[in-house]
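Trainee: Got a file for you: protein.cif, mmCIF, C-alpha atoms.
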```
data_structure
loop_
_atom_site.label_atom_id
_atom_site.label_comp_id
_atom_site.auth_asym_id
_atom_site.auth_seq_id
_atom_site.Cartn_x
_atom_site.Cartn_y
_atom_site.Cartn_z
CA MET A 3 0.00 0.00 0.00
CA THR A 4 2.71 2.18 0.80
CA SER A 5 2.04 5.26 2.73
CA VAL A 6 3.71 7.31 -0.03
CA ALA A 7 1.11 6.24 -2.53
CA ALA A 8 -1.68 6.98 -0.09
CA GLN A 9 -0.29 10.42 0.62
CA VAL A 10 0.15 11.31 -3.02
CA ALA A 11 -3.12 9.85 -4.15
CA VAL A 12 -5.33 11.02 -1.36
CA SER A 13 -4.14 13.98 0.55
CA GLY A 14 -7.78 14.77 1.28
CA GLU A 15 -9.65 17.99 0.71
CA ASP A 16 -7.75 21.01 1.93
CA ILE A 17 -10.14 21.96 4.67
CA SER A 18 -7.56 23.97 6.53
CA LYS A 19 -7.87 27.01 4.30
CA PRO A 20 -9.52 30.13 5.69
CA ALA A 21 -13.23 30.14 5.18
CA ASP A 22 -14.50 31.86 2.07
CA PRO A 23 -16.74 34.91 2.41
CA ALA A 24 -20.20 34.00 3.60
CA PRO A 25 -22.92 33.73 0.93
CA GLU A 26 -25.83 36.07 0.67
CA PRO A 27 -28.32 35.44 3.46
CA ALA A 28 -31.03 34.62 0.96
CA ALA A 29 -29.02 31.68 -0.30
CA VAL A 30 -29.07 29.87 3.00
CA SER A 31 -31.85 31.44 5.00
CA ALA A 32 -34.10 28.46 4.39
CA LEU A 33 -31.61 26.00 5.82
CA PRO A 34 -31.55 25.02 9.49
CA ALA A 35 -28.43 25.76 11.47
CA ILE A 36 -26.01 22.94 12.13
CA THR A 37 -24.87 22.76 15.71
CA MET A 38 -21.10 23.20 15.80
CA PRO A 39 -18.80 22.22 18.65
CA ALA A 40 -17.09 24.93 20.62
CA THR A 41 -14.10 26.54 18.92
CA GLY A 42 -10.98 24.41 19.14
CA GLU A 43 -12.89 21.36 20.32
CA ARG A 44 -12.49 18.09 18.47
CA GLU A 45 -14.77 15.08 18.72
CA LEU A 46 -12.12 12.58 19.78
CA ARG A 47 -14.63 9.78 20.22
CA LEU A 48 -15.02 9.57 16.46
CA ASP A 49 -11.26 9.41 15.99
CA LEU A 50 -10.94 6.80 18.72
CA PHE A 51 -13.56 4.42 17.36
CA ARG A 52 -12.47 4.86 13.78
CA GLY A 53 -8.95 3.97 14.91
CA ILE A 54 -10.33 0.92 16.72
CA ALA A 55 -12.19 -0.08 13.56
CA LEU A 56 -8.99 0.20 11.50
CA TRP A 57 -7.07 -2.02 13.92
CA LEU A 58 -9.89 -4.56 14.01
CA ILE A 59 -10.19 -4.64 10.21
CA PHE A 60 -6.46 -5.31 9.92
CA ILE A 61 -6.57 -8.12 12.49
CA ASP A 62 -9.69 -9.65 10.92
CA HIS A 63 -7.93 -9.74 7.54
CA LEU A 64 -5.21 -11.99 8.98
CA PRO A 65 -5.69 -15.77 9.22
CA PRO A 66 -7.70 -16.61 12.37
CA ASP A 67 -5.69 -17.12 15.52
CA ILE A 68 -5.36 -15.84 19.09
CA LEU A 69 -5.65 -12.09 18.49
CA THR A 70 -8.62 -12.43 16.17
CA TRP A 71 -10.63 -13.64 19.16
CA PHE A 72 -10.41 -10.10 20.54
CA THR A 73 -12.34 -8.58 17.63
CA ILE A 74 -16.03 -7.84 18.06
CA ARG A 75 -17.20 -10.04 15.18
CA ASN A 76 -16.70 -13.10 17.41
CA TYR A 77 -19.10 -11.83 20.07
CA GLY A 78 -22.01 -10.48 18.09
CA PHE A 79 -23.58 -9.97 14.68
CA SER A 80 -21.80 -6.78 13.58
CA ASP A 81 -18.11 -6.02 13.17
CA ALA A 82 -15.71 -3.14 12.54
CA THR A 83 -17.22 -2.38 9.11
CA GLU A 84 -20.40 -1.00 10.66
CA ILE A 85 -18.38 1.31 12.89
CA PHE A 86 -16.34 2.52 9.94
CA ILE A 87 -19.28 3.28 7.63
CA PHE A 88 -21.36 4.97 10.33
CA ILE A 89 -18.53 7.30 11.34
CA SER A 90 -17.80 8.02 7.67
CA GLY A 91 -21.40 9.12 7.15
CA TYR A 92 -21.33 11.18 10.33
CA THR A 93 -18.14 13.08 9.52
CA ALA A 94 -19.02 13.55 5.83
CA ALA A 95 -22.37 15.10 6.74
CA PHE A 96 -20.80 17.30 9.40
CA VAL A 97 -18.11 18.68 7.09
CA TYR A 98 -20.04 19.02 3.84
CA GLY A 99 -23.36 19.80 5.48
CA ARG A 100 -21.81 22.94 6.93
CA ALA A 101 -20.26 23.73 3.55
CA MET A 102 -23.64 23.32 1.86
CA GLN A 103 -25.28 25.50 4.46
CA ASP A 104 -22.69 28.27 4.12
CA ARG A 105 -21.79 28.11 0.43
CA GLY A 106 -24.74 26.48 -1.25
CA PHE A 107 -25.45 23.24 -3.07
CA VAL A 108 -23.15 23.75 -6.08
CA VAL A 109 -19.98 24.60 -4.14
CA ALA A 110 -20.53 21.85 -1.57
CA SER A 111 -21.25 19.31 -4.31
CA ALA A 112 -18.04 20.30 -6.09
CA ARG A 113 -16.08 19.70 -2.89
CA ILE A 114 -17.74 16.33 -2.38
CA LEU A 115 -17.00 15.25 -5.96
CA LYS A 116 -13.40 16.36 -5.50
CA ARG A 117 -13.18 14.11 -2.46
CA VAL A 118 -14.78 11.25 -4.41
CA TRP A 119 -12.12 11.64 -7.07
CA GLN A 120 -9.35 11.60 -4.46
CA ILE A 121 -10.68 8.41 -2.88
CA TYR A 122 -11.08 6.86 -6.33
CA VAL A 123 -7.45 7.64 -7.17
CA ALA A 124 -6.42 6.15 -3.83
CA HIS A 125 -8.37 3.01 -4.70
CA VAL A 126 -6.60 2.74 -8.05
CA PHE A 127 -3.19 3.18 -6.40
CA LEU A 128 -4.11 0.61 -3.78
CA PHE A 129 -5.33 -1.82 -6.44
CA THR A 130 -2.17 -1.44 -8.53
CA ILE A 131 0.34 -1.84 -5.73
CA TYR A 132 -1.65 -4.56 -4.00
CA LEU A 133 -1.83 -6.48 -7.27
CA ALA A 134 1.92 -6.11 -7.74
CA GLU A 135 2.52 -7.32 -4.19
CA ILE A 136 0.42 -10.46 -4.65
CA SER A 137 1.82 -11.21 -8.12
CA TYR A 138 5.41 -10.83 -6.93
CA VAL A 139 4.91 -13.17 -3.99
CA ALA A 140 3.03 -15.74 -6.08
CA SER A 141 5.71 -15.81 -8.80
CA SER A 142 8.73 -15.60 -6.49
CA PHE A 143 7.60 -18.53 -4.37
CA GLU A 144 6.01 -20.38 -7.29
CA ASN A 145 2.78 -20.67 -5.39
CA PRO A 146 -0.28 -19.87 -7.58
CA LEU A 147 -2.55 -20.42 -4.60
CA TYR A 148 -1.82 -16.84 -3.51
CA ALA A 149 -3.33 -15.51 -6.73
CA GLU A 150 -6.36 -17.76 -6.32
CA GLU A 151 -6.86 -17.02 -2.64
CA MET A 152 -6.59 -13.24 -3.08
CA GLY A 153 -8.90 -13.28 -6.10
CA ILE A 154 -6.57 -12.11 -8.89
CA LEU A 155 -6.61 -15.16 -11.18
CA ASP A 156 -8.86 -13.35 -13.64
CA PHE A 157 -6.34 -10.53 -13.82
CA LEU A 158 -3.53 -12.94 -14.66
CA LYS A 159 -5.67 -14.54 -17.39
CA GLN A 160 -7.12 -11.37 -18.93
CA PRO A 161 -5.25 -8.33 -17.59
CA ASP A 162 -6.64 -5.91 -20.21
CA VAL A 163 -10.29 -6.70 -19.51
CA THR A 164 -9.76 -7.00 -15.77
CA ILE A 165 -8.11 -3.58 -15.48
CA ILE A 166 -11.08 -1.96 -17.21
CA GLN A 167 -13.43 -3.75 -14.82
CA ALA A 168 -11.29 -2.64 -11.89
CA LEU A 169 -11.52 0.99 -13.02
CA LEU A 170 -15.29 0.52 -13.13
CA LEU A 171 -15.09 -0.79 -9.52
CA LYS A 172 -16.46 -4.17 -10.59
CA PHE A 173 -13.27 -6.19 -10.08
CA ARG A 174 -11.69 -6.13 -6.64
CA PRO A 175 -9.20 -8.48 -5.02
CA VAL A 176 -9.91 -9.80 -1.54
CA ASN A 177 -10.04 -7.14 1.22
CA MET A 178 -10.56 -4.28 -1.25
CA ASP A 179 -14.32 -3.83 -0.94
CA VAL A 180 -14.61 -0.93 1.49
CA LEU A 181 -13.29 1.94 -0.65
CA PRO A 182 -15.59 1.22 -3.64
CA LEU A 183 -18.53 1.21 -1.25
CA TYR A 184 -17.46 4.55 0.20
CA ILE A 185 -16.93 6.04 -3.27
CA VAL A 186 -20.51 5.21 -4.26
CA LEU A 187 -21.95 6.47 -0.99
CA MET A 188 -20.05 9.76 -1.27
CA LEU A 189 -21.09 10.13 -4.91
CA PHE A 190 -24.73 10.36 -3.86
CA LEU A 191 -24.07 12.49 -0.79
CA PRO A 192 -24.99 15.89 -2.40
CA PRO A 193 -28.70 15.13 -2.94
CA ILE A 194 -28.84 13.32 0.40
CA LEU A 195 -27.45 16.36 2.21
CA TRP A 196 -29.66 18.75 0.25
CA LEU A 197 -32.76 16.91 1.43
CA MET A 198 -31.47 16.24 4.92
CA LEU A 199 -30.79 19.93 5.57
CA ARG A 200 -34.45 20.59 4.85
CA LYS A 201 -36.29 17.40 5.84
CA ALA A 202 -33.88 15.22 7.79
CA ASP A 203 -36.48 12.67 8.87
CA LEU A 204 -37.79 12.36 5.33
CA ALA A 205 -34.27 11.69 4.05
CA LEU A 206 -33.79 8.95 6.64
CA GLY A 207 -37.22 7.53 5.80
CA LEU A 208 -36.34 7.31 2.10
CA SER A 209 -33.10 5.56 3.05
CA VAL A 210 -35.06 3.00 5.07
CA ALA A 211 -37.43 2.54 2.12
CA LEU A 212 -34.52 1.88 -0.25
CA TYR A 213 -33.11 -0.62 2.24
CA ALA A 214 -36.46 -2.43 2.36
CA LEU A 215 -36.74 -2.45 -1.45
CA THR A 216 -33.24 -3.89 -1.66
CA TRP A 217 -34.29 -6.88 0.41
CA GLU A 218 -37.61 -7.25 -1.36
CA TYR A 219 -36.30 -7.07 -4.96
CA ASP A 220 -32.66 -8.15 -4.48
CA LEU A 221 -31.22 -4.86 -5.72
CA ALA A 222 -27.45 -5.12 -6.17
CA LEU A 223 -24.52 -3.98 -8.29
CA PRO A 224 -22.85 -6.61 -10.48
CA ALA A 225 -19.25 -7.62 -9.83
CA TYR A 226 -16.67 -9.04 -12.23
CA PRO A 227 -16.32 -11.83 -13.29
CA HIS A 228 -19.50 -12.94 -11.53
CA GLY A 229 -21.66 -12.25 -8.50
CA VAL A 230 -22.43 -8.92 -6.88
CA TRP A 231 -20.59 -6.39 -4.72
CA PHE A 232 -19.61 -7.85 -1.37
CA PHE A 233 -20.91 -4.66 0.33
CA ASN A 234 -24.18 -3.81 -1.40
CA PRO A 235 -24.41 0.01 -1.57
CA PHE A 236 -28.21 -0.14 -1.78
CA ALA A 237 -28.27 -1.70 1.68
CA TRP A 238 -25.21 -0.17 3.37
CA GLN A 239 -26.39 3.33 2.48
CA LEU A 240 -28.77 3.01 5.43
CA LEU A 241 -25.92 3.00 7.92
CA PHE A 242 -24.16 5.85 6.11
CA VAL A 243 -27.31 7.98 5.93
CA PHE A 244 -28.13 7.19 9.55
CA GLY A 245 -24.69 8.50 10.51
CA ALA A 246 -25.35 11.67 8.51
CA TRP A 247 -28.77 12.04 10.14
CA CYS A 248 -27.19 11.77 13.60
CA ALA A 249 -24.58 14.40 12.70
CA LEU A 250 -27.19 16.90 11.52
CA GLY A 251 -29.32 16.91 14.64
CA GLY A 252 -30.72 13.40 14.86
CA ALA A 253 -28.49 12.43 17.77
CA GLN A 254 -29.68 15.44 19.75
CA ARG A 255 -33.31 14.60 19.07
CA MET A 256 -32.69 11.06 20.27
CA SER A 257 -30.89 12.15 23.45
CA ARG A 258 -33.86 11.43 25.70
CA ILE A 259 -34.29 7.96 24.19
CA LEU A 260 -30.58 7.20 24.50
CA SER A 261 -30.53 8.24 28.15
CA SER A 262 -33.52 6.04 28.99
CA ARG A 263 -33.00 3.02 31.20
CA ILE A 264 -35.38 1.09 28.98
CA THR A 265 -33.09 1.67 25.99
CA LEU A 266 -30.11 0.59 28.08
CA GLY A 267 -31.88 -2.59 29.19
CA ILE A 268 -32.98 -3.50 25.65
CA SER A 269 -29.47 -2.86 24.31
CA ILE A 270 -27.81 -5.03 26.95
CA ALA A 271 -30.36 -7.80 26.47
CA TYR A 272 -29.83 -7.80 22.71
CA LEU A 273 -26.04 -7.89 23.05
CA ILE A 274 -26.32 -10.86 25.42
CA PHE A 275 -28.66 -12.59 22.97
CA ALA A 276 -26.23 -11.99 20.08
CA PHE A 277 -23.33 -13.27 22.18
CA CYS A 278 -25.19 -16.47 23.03
CA VAL A 279 -26.03 -17.06 19.37
CA THR A 280 -22.47 -16.50 18.15
CA LEU A 281 -21.22 -18.78 20.91
CA THR A 282 -23.02 -21.67 19.22
CA TRP A 283 -20.94 -21.03 16.09
CA TYR A 284 -17.72 -21.83 17.89
CA VAL A 285 -18.91 -24.38 20.45
CA PRO A 286 -20.77 -27.11 18.54
CA GLN A 287 -21.98 -28.70 21.78
CA LEU A 288 -24.21 -25.66 22.33
CA ASN A 289 -25.85 -25.80 18.93
CA PRO A 290 -28.69 -28.15 20.02
CA LEU A 291 -29.79 -25.45 22.47
CA MET A 292 -30.76 -23.16 19.58
CA PRO A 293 -34.47 -23.46 18.75
CA ARG A 294 -34.96 -24.56 15.15
CA LEU A 295 -37.62 -21.95 14.47
CA LEU A 296 -35.20 -19.26 15.62
CA GLU A 297 -32.48 -20.63 13.35
CA GLN A 298 -34.81 -20.68 10.37
CA TRP A 299 -35.81 -17.09 11.02
CA MET A 300 -32.30 -15.75 11.64
CA TYR A 301 -30.04 -17.52 9.20
CA PRO A 302 -28.29 -16.57 7.07
CA ILE A 303 -27.21 -13.31 8.75
CA ASN A 304 -26.33 -11.51 5.54
CA LYS A 305 -23.37 -9.14 5.65
CA THR A 306 -23.58 -8.21 1.96
CA ASP A 307 -27.05 -6.71 2.39
CA LEU A 308 -26.49 -5.44 5.96
CA ASP A 309 -28.82 -7.83 7.73
CA VAL A 310 -31.19 -6.08 10.12
CA LEU A 311 -29.72 -8.16 12.96
CA ARG A 312 -26.30 -6.67 12.22
CA PHE A 313 -27.73 -3.16 12.08
CA ALA A 314 -29.57 -3.68 15.37
CA HIS A 315 -26.40 -5.04 16.99
CA PHE A 316 -24.50 -1.93 15.96
CA LEU A 317 -27.28 0.30 17.33
CA ALA A 318 -27.12 -1.51 20.67
CA LEU A 319 -23.36 -1.06 20.87
CA ALA A 320 -23.65 2.60 19.89
CA ALA A 321 -26.40 3.30 22.44
CA ILE A 322 -24.32 1.89 25.29
CA THR A 323 -21.17 3.67 24.12
CA VAL A 324 -22.85 7.07 23.89
CA ARG A 325 -24.40 6.60 27.32
CA PHE A 326 -21.19 5.79 29.17
CA LEU A 327 -18.44 7.40 27.08
CA HIS A 328 -18.88 11.16 27.17
CA LYS A 329 -17.02 13.44 24.78
CA ASP A 330 -15.30 15.22 27.68
CA TRP A 331 -13.90 11.99 29.18
CA PRO A 332 -10.26 12.78 30.09
CA GLY A 333 -9.09 9.37 28.92
CA LEU A 334 -9.67 10.41 25.31
CA LYS A 335 -6.53 12.54 25.59
CA SER A 336 -4.55 9.81 27.32
CA ILE A 337 -1.18 8.84 25.89
CA TRP A 338 -2.35 5.21 25.88
CA LEU A 339 -5.19 5.95 23.47
CA ARG A 340 -3.17 8.37 21.37
CA PRO A 341 -2.16 5.75 18.74
CA LEU A 342 -5.81 4.84 18.14
CA VAL A 343 -6.86 8.48 17.91
CA LEU A 344 -4.06 9.28 15.44
CA CYS A 345 -5.00 6.31 13.26
CA GLY A 346 -8.59 7.52 13.23
CA GLN A 347 -7.48 11.00 12.20
CA HIS A 348 -5.65 9.60 9.15
CA SER A 349 -8.05 6.81 8.33
CA LEU A 350 -7.65 6.65 4.55
CA GLU A 351 -3.88 6.26 4.60
CA ILE A 352 -3.99 3.84 7.52
CA PHE A 353 -6.71 1.74 5.91
CA CYS A 354 -4.62 1.37 2.75
CA LEU A 355 -1.55 0.52 4.81
CA GLY A 356 -3.53 -2.07 6.73
CA VAL A 357 -4.55 -3.85 3.52
CA PHE A 358 -0.92 -4.30 2.48
CA LEU A 359 0.20 -5.29 5.95
CA ALA A 360 -2.54 -7.91 6.16
CA PHE A 361 -1.35 -9.65 3.00
CA ALA A 362 2.29 -9.37 4.11
CA GLY A 363 1.33 -10.99 7.41
CA HIS A 364 -0.60 -13.68 5.58
CA PHE A 365 2.51 -14.40 3.47
CA VAL A 366 4.81 -14.62 6.51
CA LEU A 367 2.46 -16.99 8.31
CA ALA A 368 2.21 -19.23 5.25
CA GLU A 369 5.84 -19.25 4.09
CA VAL A 370 8.01 -18.51 7.13
CA ALA A 371 6.31 -19.76 10.26
CA GLY A 372 2.88 -20.18 11.71
CA GLY A 373 1.73 -20.71 15.22
CA ALA A 374 0.10 -18.58 17.85
CA TRP A 375 3.17 -16.61 18.84
CA MET A 376 4.09 -15.72 15.26
CA HIS A 377 0.50 -14.65 14.60
CA PHE A 378 0.56 -12.52 17.74
CA THR A 379 3.89 -10.97 16.73
CA ILE A 380 2.67 -10.13 13.23
CA SER A 381 -0.55 -8.62 14.56
CA VAL A 382 1.24 -6.44 17.08
CA THR A 383 3.87 -5.44 14.53
CA GLY A 384 1.19 -4.39 12.07
CA VAL A 385 -0.58 -2.29 14.68
CA VAL A 386 2.73 -0.64 15.64
CA VAL A 387 3.52 0.14 11.99
CA MET A 388 0.06 1.62 11.46
CA SER A 389 0.37 3.73 14.61
CA THR A 390 3.86 4.92 13.65
CA ALA A 391 2.65 5.91 10.19
CA ALA A 392 -0.27 7.81 11.73
CA TRP A 393 2.14 9.65 14.02
CA LEU A 394 4.31 10.60 11.03
CA PHE A 395 1.29 11.88 9.10
CA SER A 396 0.22 13.91 12.13
CA TRP A 397 3.73 15.28 12.61
CA TYR A 398 3.96 16.29 8.96
CA LYS A 399 0.59 18.01 9.14
CA ARG A 400 1.69 20.06 12.14
CA VAL A 401 4.91 21.04 10.41
CA ALA A 402 3.15 21.91 7.16
CA ASP A 403 0.48 24.02 8.86
CA LYS A 404 2.74 26.94 9.71
CA SER A 405 0.05 29.56 9.37
CA GLY A 406 -1.98 30.17 12.50
CA ALA A 407 -4.96 31.09 10.36
CA ARG A 408 -4.81 27.73 8.58
CA ALA A 409 -4.66 25.83 11.84
CA LYS A 410 -7.55 27.84 13.27
CA ALA A 411 -9.69 27.27 10.19
CA SER A 412 -8.95 23.55 10.27
CA GLY A 413 -9.96 23.40 13.92
CA ALA A 414 -13.32 24.92 13.10
CA ASN A 415 -14.09 22.47 10.35
CA ALA A 416 -13.58 18.78 9.81
CA ASP A 417 -11.13 18.34 12.66
CA MET A 418 -13.84 18.94 15.20
CA ALA A 419 -15.94 16.22 13.63
CA GLY A 420 -13.10 13.79 13.64
CA GLY A 421 -11.91 14.41 10.10
CA GLU A 422 -12.86 12.37 7.04
CA LEU A 423 -12.19 8.94 5.67
#
```
Would you give me this structure, written as structure tokens?

Mentor:
Amino acid sequence: MTSVAAQVAVSGEDISKPADPAPEPAAVSALPAITMPATGERELRLDLFRGIALWLIFIDHLPPDILTWFTIRNYGFSDATEIFIFISGYTAAFVYGRAMQDRGFVVASARILKRVWQIYVAHVFLFTIYLAEISYVASSFENPLYAEEMGILDFLKQPDVTIIQALLLKFRPVNMDVLPLYIVLMLFLPPILWLMLRKADLALGLSVALYALTWEYDLALPAYPHGVWFFNPFAWQLLFVFGAWCALGGAQRMSRILSSRITLGISIAYLIFAFCVTLTWYVPQLNPLMPRLLEQWMYPINKTDLDVLRFAHFLALAAITVRFLHKDWPGLKSIWLRPLVLCGQHSLEIFCLGVFLAFAGHFVLAEVAGGAWMHFTISVTGVVVMSTAAWLFSWYKRVADKSGARAKASGANADMAGGEL
């Protein structure tokens, strides 16, 4: 993945520039105000949990072993992907919703499309270098199973056709499904924000309707050479839009519900239920305890179409987190959580790095040595490399931002929302 490629390809929108002159009042008078954090304040909870999601995604991409038992997918229906997409929707709406409110639909849409292009270029860089990494390992060690396991056999057979399909986001090697999903979701963000700034509940309702239609009529995007996208945008848009809805006032309107003891009790009960169900997946002796009618109703728990059980599991986790982890918790600024926060602040670069590190770790485990201790060492090493890279990105940003006005403008924009993907 190379952090250099990620930096060059996706430096992100320059949101540290001084704000442009405000538009005429008539242009935005019909739009509701977006509640902004206090000046200089940054929502570190978003950074923290996005960093956690990045670490978990990296560990989950490695072959299963000791450390993978510490990821949330083994204890419930959802996993780190839900966290990642929700926070992406939240931060995107916060940043570009304010831009749309202040500058209008056209300017905000142009900024969003610029960001889409940057992420697309990052995806192409990631695809190219990832493909080279897999091909080099497969040919050097004369092991074609790597090409088959990582899903690049079609590229080796028909590179010309496959590259075109990759540029169309239809062909993706293993572990490269998140960025195409995010590209599509961001591409349709302008009309979503336009409606949400006027009728937020209506926008969320239409998202729910599209989610229901996806399940009813099997809406999906085709993949190459066969099948559909692993993350169906028609379904996963619900989580993204829900994050945007929360950022633009929905979370405040739900504050009374979130603080209710009834909500807390339901959330805990559902998490316990999900844990008991997933326990039967790993302990076959417990499987007879599962009622057959319940199994027939639940299974399969579809990740591609964001099964409602997965969405509900994420909501339960989020409700408990918001209740007990306040944004002014001193631990958020602790040196022990600093690596996670920094990774969350540079999520695009760290995500790309994690994809390459996961395959490198897979190669070491297969060719050099396996075993629990080697798996643990590779996992920890990968996390350390990701954290070090995030620290370097943060250091470079501080050095580059020499102007006090630039730093102040950045603090009043995306930084306070936890940045962008």

Trainee: Hey, which of A:Phe361, A:Trp247, A:Phe190, A:Tyr272 ends up closest to Tyr92 of chain A? Count only C-alpha atoms.

Mentor: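 Residue with the minimum atom-to-atom distance to Tyr92 of chain A: A:Trp247.
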
Trainee: Written as an NGL selection string, what is the full residue list that the PyMOL selection byres ((chain A and resi 344) around 12) yields on the file shown?

Mentor: :A and (46-54 or 56-57 or 334-343 or 345-352 or 388-397 or 399 or 417 or 420-421)

Trainee: So what does the PyMOL selection byres ((chain A and resi 216-231) around 12) actually pick up in this one, as a PyMOL selection string?

Mentor: chain A and resi 153-157+159-160+163-176+178-183+186+209-215+232-240+304-310

Trainee: Do you have the atom CA of Ala402 of chain A-atom CA of Ile89 of chain A distance handy?

Mentor: 26.5 Å

Trainee: Counting only C-alpha atoms, which residue out of A:Asp403, A:Glu84, A:Asp104, A:Asp62 sits closest to Leu359 of chain A?

Mentor: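 The answer is A:Asp62, which sits nearest to Leu359 of chain A.
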